[in-house]
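S.K.: Below is the file data_4.cif, which contains mmCIF, C-alpha atoms.
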data_upload
loop_
_atom_site.label_atom_id
_atom_site.label_comp_id
_atom_site.auth_asym_id
_atom_site.auth_seq_id
_atom_site.Cartn_x
_atom_site.Cartn_y
_atom_site.Cartn_z
CA MET A 27 58.11 64.30 -37.47
CA ARG A 28 58.45 67.48 -35.40
CA GLY A 29 55.87 69.17 -37.62
CA LEU A 30 53.40 66.31 -37.22
CA ALA A 31 53.94 66.26 -33.45
CA ILE A 32 53.18 69.98 -33.24
CA LEU A 33 50.07 69.76 -35.45
CA LEU A 34 48.74 66.76 -33.50
CA GLY A 35 49.57 68.45 -30.21
CA TYR A 36 47.56 71.55 -31.11
CA THR A 37 44.70 69.40 -32.40
CA LEU A 38 44.63 67.58 -29.07
CA LEU A 39 44.87 70.83 -27.12
CA GLY A 40 42.04 72.41 -29.15
CA ASN A 41 39.80 69.40 -28.68
CA ALA A 42 40.57 69.22 -24.97
CA ILE A 43 39.63 72.89 -24.55
CA HIS A 44 36.50 72.34 -26.63
CA SER A 45 35.26 69.51 -24.40
CA LEU A 46 36.28 71.18 -21.15
CA LEU A 47 34.71 74.57 -21.84
CA SER A 48 31.99 73.33 -24.24
CA VAL A 49 32.40 76.41 -26.47
CA PRO A 50 30.39 76.34 -29.71
CA ILE A 51 33.55 76.36 -31.90
CA SER A 52 35.05 73.07 -33.09
CA GLY A 53 38.14 71.79 -31.29
CA ASN A 54 40.11 71.78 -34.54
CA VAL A 55 39.40 75.48 -35.12
CA ILE A 56 40.44 76.27 -31.53
CA GLY A 57 43.67 74.34 -32.18
CA MET A 58 44.23 76.36 -35.35
CA ALA A 59 43.68 79.66 -33.54
CA LEU A 60 46.10 78.65 -30.77
CA LEU A 61 48.72 77.73 -33.37
CA VAL A 62 48.32 81.12 -35.09
CA ILE A 63 48.82 82.84 -31.71
CA SER A 64 51.85 80.65 -30.98
CA LEU A 65 53.39 81.52 -34.37
CA PHE A 66 52.99 85.23 -33.68
CA ALA A 67 54.33 84.85 -30.15
CA GLY A 68 57.34 82.97 -31.51
CA TRP A 69 56.67 79.85 -29.41
CA VAL A 70 56.47 77.86 -32.63
CA LYS A 71 58.76 78.62 -35.59
CA LEU A 72 57.21 78.51 -39.04
CA ALA A 73 60.10 76.37 -40.31
CA TRP A 74 59.27 73.61 -37.82
CA ILE A 75 55.79 73.01 -39.19
CA GLU A 76 55.81 74.38 -42.72
CA GLU A 77 56.69 71.19 -44.60
CA THR A 78 54.18 69.02 -42.74
CA ALA A 79 51.50 71.70 -42.98
CA GLN A 80 52.01 72.01 -46.76
CA PHE A 81 51.57 68.25 -47.12
CA PHE A 82 48.29 68.29 -45.18
CA LEU A 83 46.99 71.35 -47.03
CA LYS A 84 47.95 70.07 -50.48
CA HIS A 85 46.10 66.82 -49.87
CA MET A 86 43.27 68.18 -47.74
CA MET A 87 40.67 66.82 -50.15
CA ILE A 88 41.42 63.18 -49.34
CA PHE A 89 40.37 63.69 -45.72
CA PHE A 90 36.87 64.61 -46.90
CA ALA A 91 36.43 61.54 -49.14
CA PRO A 92 35.15 59.20 -46.37
CA VAL A 93 32.72 61.95 -45.28
CA ILE A 94 31.26 62.09 -48.81
CA VAL A 95 31.04 58.29 -48.94
CA GLY A 96 29.25 58.45 -45.57
CA THR A 97 26.55 60.79 -46.89
CA MET A 98 25.63 57.97 -49.27
CA MET A 99 24.13 56.26 -46.23
CA PHE A 100 21.67 59.11 -45.79
CA PHE A 101 20.52 59.50 -49.38
CA GLY A 102 17.27 57.75 -48.45
CA LEU A 103 16.46 60.63 -46.08
CA ILE A 104 16.32 63.12 -48.94
CA GLY A 105 13.07 61.56 -50.16
CA GLU A 106 10.50 62.87 -52.62
CA GLN A 107 11.52 66.54 -52.51
CA TRP A 108 14.88 65.80 -54.13
CA LEU A 109 14.23 68.03 -57.15
CA VAL A 110 13.45 71.12 -55.04
CA ILE A 111 16.51 70.34 -52.93
CA ALA A 112 18.80 69.91 -55.94
CA VAL A 113 17.65 73.17 -57.56
CA ALA A 114 17.85 75.16 -54.31
CA LEU A 115 21.28 73.72 -53.51
CA ALA A 116 22.78 74.41 -56.93
CA VAL A 117 21.30 77.87 -57.50
CA SER A 118 21.93 79.20 -54.00
CA THR A 119 25.52 77.91 -54.02
CA MET A 120 26.14 79.75 -57.31
CA ILE A 121 24.55 82.90 -55.86
CA VAL A 122 26.72 82.74 -52.72
CA ILE A 123 29.86 82.32 -54.85
CA LEU A 124 29.07 85.22 -57.18
CA VAL A 125 27.74 87.65 -54.58
CA THR A 126 30.64 87.03 -52.18
CA ALA A 127 33.27 87.39 -54.90
CA GLY A 128 31.51 90.39 -56.47
CA VAL A 129 30.97 92.33 -53.25
CA THR A 130 34.48 91.53 -51.95
CA ALA A 131 36.09 92.67 -55.23
CA TRP A 132 33.91 95.81 -55.30
CA GLN A 133 34.75 96.64 -51.69
CA THR A 134 38.49 96.13 -52.19
CA GLY A 135 38.24 98.47 -55.17
CA LYS A 136 36.70 101.07 -52.88
CA ALA A 137 39.25 100.44 -50.15
CA LYS A 138 42.03 101.02 -52.65
CA GLU A 139 40.54 104.30 -53.87
CA ARG A 140 40.39 105.51 -50.31
CA THR A 141 44.06 104.79 -49.65
CA TYR A 142 45.11 106.54 -52.85
CA GLU A 143 43.18 109.69 -52.07
CA MET B 3 38.67 31.09 -45.78
CA ASN B 4 38.70 34.27 -43.77
CA GLU B 5 36.09 36.53 -45.31
CA ALA B 6 36.53 39.39 -42.87
CA TRP B 7 39.71 40.75 -44.45
CA PHE B 8 37.87 43.82 -45.68
CA GLN B 9 36.51 44.50 -42.18
CA GLN B 10 39.91 45.76 -41.09
CA PRO B 11 40.86 49.45 -41.22
CA LEU B 12 43.59 48.61 -43.73
CA PHE B 13 40.94 48.04 -46.40
CA GLY B 14 39.25 51.43 -46.07
CA ILE B 15 42.53 53.32 -45.79
CA THR B 16 44.08 51.57 -48.78
CA ILE B 17 41.18 52.00 -51.18
CA THR B 18 40.79 55.67 -50.21
CA VAL B 19 44.49 56.34 -50.88
CA LEU B 20 44.43 54.30 -54.11
CA PHE B 21 41.38 56.09 -55.48
CA TYR B 22 42.83 59.45 -54.43
CA VAL B 23 46.11 58.77 -56.25
CA GLY B 24 44.13 57.68 -59.31
CA ALA B 25 41.98 60.82 -59.07
CA GLN B 26 45.15 62.96 -58.90
CA LEU B 27 46.45 61.35 -62.09
CA LEU B 28 43.13 61.91 -63.86
CA ASN B 29 43.02 65.49 -62.60
CA SER B 30 46.48 66.29 -63.97
CA ARG B 31 45.22 65.18 -67.37
CA TYR B 32 41.65 66.45 -67.23
CA LYS B 33 41.74 69.60 -65.10
CA TRP B 34 37.95 69.88 -64.81
CA LEU B 35 37.64 66.49 -63.05
CA ASN B 36 37.31 67.21 -59.33
CA PRO B 37 39.59 64.82 -57.37
CA LEU B 38 37.23 64.59 -54.42
CA PHE B 39 34.29 63.71 -56.66
CA VAL B 40 36.32 61.04 -58.46
CA THR B 41 37.72 59.57 -55.20
CA SER B 42 34.41 59.35 -53.35
CA GLY B 43 32.43 58.37 -56.45
CA GLY B 44 34.92 55.59 -57.15
CA ILE B 45 34.72 54.26 -53.60
CA ILE B 46 30.89 54.35 -53.62
CA LEU B 47 30.84 52.42 -56.91
CA LEU B 48 33.30 49.85 -55.57
CA LEU B 49 31.23 49.31 -52.41
CA LEU B 50 28.01 48.96 -54.43
CA LEU B 51 29.43 46.70 -57.14
CA GLY B 52 31.45 44.58 -54.72
CA ASP B 53 28.49 44.32 -52.33
CA ILE B 54 30.80 45.52 -49.53
CA PRO B 55 28.98 46.85 -46.44
CA TYR B 56 29.58 50.54 -45.66
CA GLU B 57 30.59 49.65 -42.09
CA ALA B 58 33.55 47.67 -43.45
CA TYR B 59 34.77 50.72 -45.35
CA LYS B 60 34.04 53.01 -42.41
CA ALA B 61 36.60 51.26 -40.17
CA GLY B 62 39.39 52.65 -42.34
CA GLY B 63 37.54 55.72 -43.59
CA ASP B 64 37.22 57.05 -40.04
CA ILE B 65 41.00 56.92 -39.68
CA ILE B 66 41.43 59.05 -42.82
CA THR B 67 38.79 61.50 -41.57
CA PHE B 68 40.63 61.72 -38.26
CA PHE B 69 43.44 63.57 -40.07
CA LEU B 70 41.01 66.34 -40.94
CA GLY B 71 41.88 67.54 -37.40
CA PRO B 72 45.60 68.25 -37.95
CA ALA B 73 44.79 69.39 -41.53
CA THR B 74 42.47 72.07 -40.13
CA VAL B 75 45.14 73.08 -37.60
CA ALA B 76 47.62 73.31 -40.52
CA LEU B 77 45.46 76.15 -41.93
CA ALA B 78 47.24 78.25 -39.30
CA VAL B 79 50.21 78.45 -41.70
CA PRO B 80 48.57 80.27 -44.66
CA PHE B 81 46.61 82.29 -42.13
CA TYR B 82 49.79 83.41 -40.37
CA LYS B 83 51.63 84.13 -43.63
CA ASN B 84 48.80 86.27 -45.04
CA PHE B 85 47.76 87.93 -41.81
CA GLN B 86 48.95 91.38 -42.85
CA LYS B 87 46.99 91.28 -46.13
CA LEU B 88 43.96 89.98 -44.33
CA ARG B 89 44.09 92.76 -41.75
CA ASP B 90 44.39 95.42 -44.48
CA GLN B 91 41.37 94.02 -46.32
CA LEU B 92 39.31 93.04 -43.30
CA MET B 93 36.28 95.20 -44.07
CA PRO B 94 35.91 94.15 -47.73
CA ILE B 95 36.06 90.46 -46.84
CA VAL B 96 33.63 90.82 -43.90
CA ILE B 97 31.14 92.77 -46.05
CA GLY B 98 31.60 90.33 -48.95
CA VAL B 99 31.06 87.24 -46.80
CA GLY B 100 28.07 88.83 -45.05
CA ALA B 101 26.43 89.82 -48.34
CA GLY B 102 27.06 86.39 -49.85
CA LEU B 103 25.55 84.60 -46.85
CA ILE B 104 22.44 86.80 -46.74
CA CYS B 105 21.84 86.34 -50.49
CA GLY B 106 22.34 82.59 -50.06
CA LEU B 107 19.75 82.42 -47.28
CA LEU B 108 17.29 84.50 -49.33
CA ALA B 109 17.92 82.29 -52.37
CA VAL B 110 17.13 79.10 -50.43
CA TRP B 111 13.99 80.70 -49.01
CA GLY B 112 12.90 82.02 -52.43
CA ILE B 113 13.55 78.84 -54.39
CA VAL B 114 12.02 76.46 -51.86
CA SER B 115 8.86 78.62 -51.59
CA LEU B 116 8.64 79.05 -55.35
CA LEU B 117 8.89 75.30 -55.97
CA HIS B 118 6.44 74.55 -53.12
CA GLY B 119 8.97 72.66 -51.00
CA SER B 120 8.09 72.04 -47.36
CA LYS B 121 9.02 74.44 -44.58
CA GLN B 122 10.90 71.59 -42.92
CA ILE B 123 13.18 71.26 -45.95
CA MET B 124 13.75 75.03 -46.06
CA LEU B 125 14.76 75.23 -42.41
CA THR B 126 17.09 72.28 -42.90
CA MET B 127 18.70 73.84 -45.98
CA LEU B 128 19.31 77.34 -44.63
CA PRO B 129 22.61 76.61 -42.82
CA LYS B 130 24.01 74.49 -45.66
CA SER B 131 27.11 76.52 -46.50
CA VAL B 132 28.81 76.14 -43.11
CA THR B 133 30.83 73.19 -41.82
CA THR B 134 28.81 70.10 -40.97
CA PRO B 135 28.79 70.29 -37.13
CA ILE B 136 27.59 73.92 -37.18
CA ALA B 137 25.01 73.21 -39.92
CA ILE B 138 23.61 70.42 -37.75
CA GLU B 139 23.37 72.67 -34.70
CA VAL B 140 21.78 75.59 -36.54
CA ALA B 141 19.23 73.34 -38.31
CA ASP B 142 18.32 71.83 -34.95
CA LEU B 143 17.85 75.31 -33.51
CA LEU B 144 15.64 76.39 -36.43
CA GLY B 145 13.51 73.25 -36.19
CA GLY B 146 14.89 71.49 -39.27
CA THR B 147 16.16 67.91 -39.54
CA PRO B 148 19.71 67.80 -38.13
CA GLU B 149 20.95 64.60 -39.87
CA LEU B 150 19.75 65.87 -43.23
CA ALA B 151 21.38 69.27 -42.59
CA GLY B 152 24.73 67.48 -42.34
CA VAL B 153 24.11 65.80 -45.71
CA PHE B 154 23.19 69.16 -47.32
CA ALA B 155 26.33 70.79 -45.90
CA VAL B 156 28.54 68.04 -47.33
CA LEU B 157 26.79 68.10 -50.73
CA THR B 158 27.02 71.90 -50.86
CA GLY B 159 30.73 71.71 -50.09
CA LEU B 160 31.29 69.14 -52.82
CA LEU B 161 29.22 71.07 -55.38
CA GLY B 162 30.86 74.38 -54.50
CA SER B 163 34.32 72.84 -54.81
CA MET B 164 33.36 71.43 -58.23
CA ILE B 165 31.71 74.47 -59.82
CA GLY B 166 33.31 77.32 -57.84
CA PRO B 167 36.64 77.71 -59.64
CA SER B 168 35.00 77.53 -63.11
CA ILE B 169 32.27 80.06 -62.25
CA LEU B 170 34.82 82.45 -60.80
CA LYS B 171 36.96 82.09 -63.91
CA LEU B 172 33.94 82.56 -66.19
CA PHE B 173 33.09 85.85 -64.46
CA ARG B 174 36.78 86.87 -64.63
CA PHE B 175 37.47 87.22 -60.93
CA ARG B 176 41.22 87.48 -60.48
CA SER B 177 41.62 88.89 -56.97
CA ASP B 178 42.90 86.27 -54.50
CA LEU B 179 40.76 87.85 -51.81
CA ALA B 180 37.51 87.61 -53.85
CA ILE B 181 38.18 84.03 -54.97
CA GLY B 182 39.18 82.85 -51.50
CA ALA B 183 36.23 84.59 -49.83
CA ALA B 184 33.74 83.07 -52.30
CA MET B 185 35.05 79.50 -51.93
CA GLY B 186 35.19 79.54 -48.13
CA THR B 187 31.76 81.17 -47.77
CA ALA B 188 29.94 78.93 -50.24
CA ALA B 189 31.71 75.64 -49.66
CA HIS B 190 33.39 75.73 -46.19
CA GLY B 191 36.27 73.28 -45.68
CA ILE B 192 35.73 71.35 -48.90
CA GLY B 193 35.91 74.56 -50.95
CA THR B 194 39.00 75.60 -48.98
CA ALA B 195 40.64 72.23 -49.67
CA ARG B 196 39.87 72.63 -53.37
CA ILE B 197 41.21 76.17 -53.75
CA MET B 198 44.29 75.35 -51.67
CA ARG B 199 45.39 73.19 -54.61
CA ASP B 200 45.51 76.28 -56.83
CA SER B 201 46.96 78.83 -54.45
CA GLU B 202 48.01 78.99 -50.82
CA ILE B 203 47.02 82.66 -50.56
CA GLN B 204 43.50 81.98 -51.83
CA GLY B 205 43.35 79.01 -49.48
CA GLY B 206 44.27 81.21 -46.52
CA PHE B 207 41.52 83.71 -47.37
CA SER B 208 39.09 80.86 -47.91
CA ALA B 209 39.90 79.46 -44.45
CA PHE B 210 39.22 82.89 -42.95
CA ALA B 211 35.91 83.25 -44.83
CA MET B 212 34.92 79.77 -43.69
CA GLY B 213 35.52 80.70 -40.05
CA LEU B 214 33.70 83.99 -40.47
CA SER B 215 30.64 82.38 -42.06
CA SER B 216 30.39 79.83 -39.28
CA ILE B 217 30.10 82.73 -36.85
CA LEU B 218 27.76 84.83 -39.05
CA THR B 219 25.39 82.07 -40.23
CA PRO B 220 23.94 81.32 -36.77
CA LEU B 221 23.62 85.08 -36.15
CA PHE B 222 21.71 85.58 -39.42
CA CYS B 223 19.60 82.47 -38.89
CA ILE B 224 18.44 83.17 -35.34
CA PRO B 225 16.17 86.14 -36.27
CA LEU B 226 14.54 83.82 -38.83
CA ILE B 227 13.12 81.68 -36.02
CA TRP B 228 10.63 84.45 -35.22
CA TRP B 229 10.10 85.59 -38.76
CA LEU B 230 9.34 82.23 -40.39
#
Re-express the file's structure as structure tokens.

M.R.:
Amino acid sequence: MRGLAILLGYTLLGNAIHSLLSVPISGNVIGMALLVISLFAGWVKLAWIEETAQFFLKHMMIFFAPVIVGTMMFFGLIGEQWLVIAVALAVSTMIVILVTAGVTAWQTGKAKERTYE
Amino acid sequence: MNEAWFQQPLFGITITVLFYVGAQLLNSRYKWLNPLFVTSGGIILLLLLGDIPYEAYKAGGDIITFFLGPATVALAVPFYKNFQKLRDQLMPIVIGVGAGLICGLLAVWGIVSLLHGSKQIMLTMLPKSVTTPIAIEVADLLGGTPELAGVFAVLTGLLGSMIGPSILKLFRFRSDLAIGAAMGTAAHGIGTARIMRDSEIQGGFSAFAMGLSSILTPLFCIPLIWWL
């Protein structure tokens, strides 16, 4: 329960900061950043949260299921251009995956060469 | 008889968990079946076949979605554990994510123009590989349709989480950094959730790439306002 309390506490803190300062980063991400800082500072021990965090991360997909079901409500909005949309969505997603992986792998290769020189 | 039993949050929560457990079982047998696709597809079918209003499901569904908050905060753990590796490889991942995003934007622009799609659709689709709230804001800024931008972001995440691991395997990418960067850049949180099932290290890199692309996408999109 300590792990859950800490995760919920940081979520609340992040969201509070988000609404108070109206920064363009989501409250959950602010909470995550604060928890990373707290781990480095030693305010929070990894052992306190690790088990709970692993549970949430392992099952992260379930938390998106209602969001996907919700998009069903907006399918009507897609309208007559659905074919263009489907092609653009599929092809560009594949391109992003391949270019990102390719360039990252190529750059790490270069970074390695540099350190070995 | 009380017909409102399915109006209570218990209904939405229970069917989501049941379908998810079923999807896990199917996934352990058929590895290519994406658990998120099976879970949400199953729920949609049940609502349609049972003539159950979406609002009734939403009461419980919203409670499940609420836990996306602490789940996102939990990403601090793989991030913290892999911080050293991430710092050593900061430039490659930043260049990789930047290149991937720019090519993605160009691809959307190219395909939509080639297939004679409307400019409205193009502007709405441009920010599709970032998390939903940011996609909505950027689309609004560009003059697209915000609600639809949210739908595109979710669909992109789902598609990326379904095809990403197989494409990366097909092209023989083995580096954790490259795999994580690709999943987080193309498919934001949903891609991160998917790859976290395979490897915590890849998941940590994916979370970082996701954060990076939500900062870079608006930066890359803003100059387009004048150009388009």

S.K.: Measure the distance from atom CA of Ile75 of chain A to atom CA of Pro72 of chain B in Å and round it to one decimal.

M.R.: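 Atom-to-atom, atom CA of Ile75 of chain A and atom CA of Pro72 of chain B are spaced 11.3 Å apart.
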
S.K.: So the first atom is atom CA of Ala211 of chain B and the second is atom CA of His190 of chain B; what is the distance between them in Å, to one decimal place?

M.R.: 8.0 Å

S.K.: Please evaluate the PyMOL selection byres ((chain A) within 6 of (chain B)) against the structure above and give the resulting residues as number ranges by chain.

M.R.: A: 33-34, 37, 54, 57-58, 62, 79, 82, 84, 86-87, 89, 91-92, 95, 97, 114, 118-119, 122-123, 125-127, 129-131, 133-134

S.K.: Around all of segment 72-82 of chain A's listed atoms, make the axis-aligned box with 5 Å on each side and tell me centre and edge lengths in Å to one decimal, as JSON.

M.R.:
{"center_x": 54.2, "center_y": 73.4, "center_z": -42.5, "size_x": 21.8, "size_y": 20.3, "size_z": 19.3}

S.K.: For atom CA of Phe66 of chain A and atom CA of Arg89 of chain B, determine how far apart the two atoms are, in Å to one decimal place.

M.R.: 14.2 Å

S.K.: Given the file above and the PyMOL selection byres ((chain B and resi 221) around 12), which residues are selected, and can you give them as a PyMOL selection string?

M.R.: chain B and resi 100+103-104+129+136+140+143-144+214-220+222-227

S.K.: Just checking: using all atoms listed in the file, which residue out of A:Gly102, A:Trp132, A:Leu65, A:Gly29 ends up closest to Glu77 of chain A?

M.R.: A:Gly29

S.K.: Quick one: segment 153-174 of chain B with N, CA and C atoms, as a tab-separated table (two decimals), in the coordinates of the input?

M.R.:
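In the end it all went to selection_21.tsv:
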chain	number	residue	atom	x	y	z
B	153	VAL	N	24.00	66.28	-44.32
B	153	VAL	CA	24.11	65.80	-45.71
B	153	VAL	C	24.13	66.99	-46.67
B	154	PHE	N	23.24	67.97	-46.44
B	154	PHE	CA	23.19	69.16	-47.32
B	154	PHE	C	24.51	69.94	-47.26
B	155	ALA	N	25.06	70.04	-46.05
B	155	ALA	CA	26.33	70.79	-45.90
B	155	ALA	C	27.44	70.11	-46.70
B	156	VAL	N	27.50	68.78	-46.61
B	156	VAL	CA	28.54	68.04	-47.33
B	156	VAL	C	28.33	68.16	-48.84
B	157	LEU	N	27.07	68.00	-49.29
B	157	LEU	CA	26.79	68.10	-50.73
B	157	LEU	C	27.08	69.51	-51.26
B	158	THR	N	26.73	70.53	-50.45
B	158	THR	CA	27.02	71.90	-50.86
B	158	THR	C	28.52	72.12	-51.00
B	159	GLY	N	29.28	71.58	-50.03
B	159	GLY	CA	30.73	71.71	-50.09
B	159	GLY	C	31.29	71.06	-51.35
B	160	LEU	N	30.81	69.87	-51.64
B	160	LEU	CA	31.29	69.14	-52.82
B	160	LEU	C	30.93	69.91	-54.09
B	161	LEU	N	29.67	70.34	-54.18
B	161	LEU	CA	29.22	71.07	-55.38
B	161	LEU	C	29.99	72.37	-55.54
B	162	GLY	N	30.13	73.11	-54.45
B	162	GLY	CA	30.86	74.38	-54.50
B	162	GLY	C	32.32	74.17	-54.94
B	163	SER	N	32.93	73.09	-54.45
B	163	SER	CA	34.32	72.84	-54.81
B	163	SER	C	34.43	72.42	-56.28
B	164	MET	N	33.33	71.85	-56.83
B	164	MET	CA	33.36	71.43	-58.23
B	164	MET	C	33.11	72.59	-59.19
B	165	ILE	N	32.08	73.41	-58.87
B	165	ILE	CA	31.71	74.47	-59.82
B	165	ILE	C	32.37	75.81	-59.52
B	166	GLY	N	32.78	76.02	-58.25
B	166	GLY	CA	33.31	77.32	-57.84
B	166	GLY	C	34.41	77.88	-58.72
B	167	PRO	N	35.52	77.14	-58.86
B	167	PRO	CA	36.64	77.71	-59.64
B	167	PRO	C	36.24	78.05	-61.08
B	168	SER	N	35.38	77.23	-61.72
B	168	SER	CA	35.00	77.53	-63.11
B	168	SER	C	34.11	78.76	-63.19
B	169	ILE	N	33.14	78.87	-62.25
B	169	ILE	CA	32.27	80.06	-62.25
B	169	ILE	C	33.08	81.32	-62.05
B	170	LEU	N	34.01	81.27	-61.10
B	170	LEU	CA	34.82	82.45	-60.80
B	170	LEU	C	35.69	82.83	-61.99
B	171	LYS	N	36.14	81.81	-62.72
B	171	LYS	CA	36.96	82.09	-63.91
B	171	LYS	C	36.08	82.68	-65.00
B	172	LEU	N	34.88	82.10	-65.17
B	172	LEU	CA	33.94	82.56	-66.19
B	172	LEU	C	33.60	84.04	-66.01
B	173	PHE	N	33.43	84.45	-64.73
B	173	PHE	CA	33.09	85.85	-64.46
B	173	PHE	C	34.34	86.72	-64.26
B	174	ARG	N	35.51	86.15	-64.60
B	174	ARG	CA	36.78	86.87	-64.63
B	174	ARG	C	37.18	87.49	-63.29
